[in-house]
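Note sheet for the following structure.
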Amino acid sequence: MNTSFEQDLSAKGFIDVAVDPTIDLVAEINRLKKEKNAVILAHYYQDSEIQDLADYIGDSLGLSQQAAKTDADVIVFAGVHFMAETAKILSPSKKVLLPDLKAGCSLSDSCPPHLFAKFKEKYPDHLVITYVNCTAELKALSDIVCTSSNAVQIVESLPADQKIIFGPDRNLGAYVKKKTGRDLVLWNGACMVHEIFSQERIDALRQEYPHAKFIAHPECEDHILAQADYIGSTSGMLKYTIEDPTDTYIVATESGILHQMQKSSPSKTFIPAPPNNMCACNDCPHMKLNTLEKLYNCLYYEQPEIILPEDIIARAQKPIERMLEISAKLGL
Ligand code: 13P
Ligand code: SF4
């Protein structure tokens, strides 16, 4: 790597080289993908143009399953840092690239590993379940990882008297607690996108569209979930809108998922749940750092790459693999 790349990556987080405006970016990305035997994995919260060129689009669980089984040499992760780290942990011999290293996660940031390690010390007889939205270091401190599509089932798969710490999301934790009746010890973290919804504005919208169903991601606060017709992960919400006969939905999660909902059900109407008046939209500022140009440069220069210490990979692998094993057993 030359010096200007090193400066770009440490200061900006991405390769800041101007892309020739006359090239067909999508065609060039597809050509490079073949040439390098690369696969593009994209989360539902990515911009629609990135979703449309990805080899696989999915929620956190689906993306982890794909990362574990791909035979590509290079994984380009169109998502956020913790997702690319998870891919690297599951496929350590592969080159894992993230278009912008600064694509972080407020939820992951809300749980610094050194503080979590102290918190964990207070509950020595508890098993630690962590939501995948956390750093590799935090996963290395865990017994089992989960995602929003399997958190309830993972807790239920454990003996009823098993004491459990759940982190870092307090909202998902509270939801799992309610669904399973288990007394989980919760870390007090949250996602900035799922805590911005305005109860008042949702109520007004539901009056305007009385036949619409209200669907929500379990990272939302309890009072928002309490009024939902359906609660689930991004892929769960998508599946629900495909199978349910209603024609209008108010959707409480990051707005990127609306692209797939609209593509899968073109005749239906999807309305993003309104945020409070402090926010203009439901976009995740981290997810939306990735652009087509950054993705092209990332594939072309094979940078920025996710590098993790070997001991962290070894320790974080076990809890993620445990999640994948339980999910496979349950057919998730
Ligand atoms: P899922 O992909 O599990 O639905 O989670 C959403 C999310 O917040 C990812 O950052
Ligand atoms: Fe993190 Fe929330 Fe963005 Fe998901 S939507 S990546 S949890 S900040």
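Every chain in the structure tokens has a letter given in the order shown (A, B, ...), and although residue numbers restart at 1 in each chain, ligands are simply numbered from 1 in the order shown.
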Using only C-alpha atoms and all ligand atoms, which protein or nucleic acid residues are at most 10 Å from ligand 1, as a PyMOL selection string? chain A and resi 43-45+58-63+79-83+104-108+131-134+146-151+191-194+217-220+232-238+253-254+257+284+286-287
Mind listing the strand (DSSP E) residues of stretch 151-238 of chain A, per DSSP on the backbone, as an MDAnalysis selection string? chainID A and resid 164:167 185:186 213:216 230:231
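Of the listed residues A:Phe119, A:Ile89, A:Pro304, A:Gly256, the one whose atoms come nearest to ligand 2 is A:Gly256, with distances taken using only C-alpha atoms and all ligand atoms.
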Would you mind reading off the distance between atom CA of A:Ile242 and atom CA of A:Ser264, one decimal, in Å? 6.8 Å
Can you list, as number ranges by chain, every residue of stretch 89-144 of chain A that DSSP puts in alpha helix (DSSP H)? A: 89-90, 106-109, 113-121, 136-140
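Candidate residues A:Leu101, A:Ile29, A:Ala190, A:Ala117 were compared for distance to ligand 2, and the nearest is A:Ala190, using only C-alpha atoms and all ligand atoms.
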Who sits within 12 Å of A:Lys263, only C-alpha atoms, same chain under 3 positions skipped, as a list of chain:residue names: A:Ser48, A:Gln51, A:Asp52, A:Leu238, A:Thr241, A:Ile242, A:Gly256, A:Ile257, A:Leu258, A:His259, A:Gln260, A:Pro266, A:Ser267, A:Lys268, A:Thr269, A:Phe270
Go ahead and dump the residues you just picked, N, CA and C atoms, as a compact mmCIF listing (two decimals), in the first residue's frame.
# COMPACT_ATOMS: atom_id res chain seq x y z
N SER A 48 -30.08 1.68 -2.47
CA SER A 48 -30.69 0.73 -3.41
C SER A 48 -29.73 0.34 -4.54
N GLN A 51 -27.60 -2.39 -3.19
CA GLN A 51 -28.40 -3.62 -3.05
C GLN A 51 -28.58 -4.30 -4.41
N ASP A 52 -28.82 -3.48 -5.45
CA ASP A 52 -29.13 -4.05 -6.77
C ASP A 52 -27.94 -4.74 -7.42
N LEU A 238 -39.54 -8.23 5.84
CA LEU A 238 -39.69 -8.34 4.38
C LEU A 238 -40.61 -9.53 4.04
N THR A 241 -44.26 -8.83 4.78
CA THR A 241 -44.96 -7.96 3.80
C THR A 241 -45.25 -8.72 2.50
N ILE A 242 -44.46 -9.76 2.22
CA ILE A 242 -44.70 -10.55 1.00
C ILE A 242 -45.90 -11.49 1.23
N GLY A 256 -33.68 1.76 4.28
CA GLY A 256 -33.12 0.99 3.16
C GLY A 256 -33.94 -0.25 2.82
N ILE A 257 -34.56 -0.86 3.82
CA ILE A 257 -35.34 -2.09 3.61
C ILE A 257 -36.56 -1.85 2.71
N LEU A 258 -37.02 -0.60 2.64
CA LEU A 258 -38.20 -0.31 1.82
C LEU A 258 -37.95 -0.61 0.34
N HIS A 259 -36.69 -0.53 -0.08
CA HIS A 259 -36.35 -0.83 -1.48
C HIS A 259 -36.71 -2.28 -1.83
N GLN A 260 -36.31 -3.22 -0.95
CA GLN A 260 -36.61 -4.64 -1.22
C GLN A 260 -38.10 -4.92 -1.06
N PRO A 266 -44.60 -4.83 -5.68
CA PRO A 266 -44.69 -3.54 -6.38
C PRO A 266 -46.03 -2.83 -6.24
N SER A 267 -47.10 -3.60 -6.01
CA SER A 267 -48.41 -2.93 -5.95
C SER A 267 -48.74 -2.43 -4.53
N LYS A 268 -47.90 -2.75 -3.55
CA LYS A 268 -48.20 -2.33 -2.17
C LYS A 268 -47.54 -0.98 -1.86
N THR A 269 -48.01 -0.34 -0.78
CA THR A 269 -47.46 0.96 -0.37
C THR A 269 -46.70 0.79 0.94
N PHE A 270 -45.48 1.33 0.97
CA PHE A 270 -44.64 1.24 2.17
C PHE A 270 -44.28 2.65 2.62
Residue nearest A:Ala42 - candidates A:Ile306, A:Ala54, A:Ile326, A:Ile164, atoms counted: only C-alpha atoms: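 Between A:Ile306, A:Ala54, A:Ile326, A:Ile164, the residue approaching A:Ala42 most closely is A:Ala54.
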Ranking A:Asp161, A:Asp143, A:Glu35, A:Asp283 by minimum distance to ligand 2 and counting only C-alpha atoms and all ligand atoms, which one comes first? A:Asp283
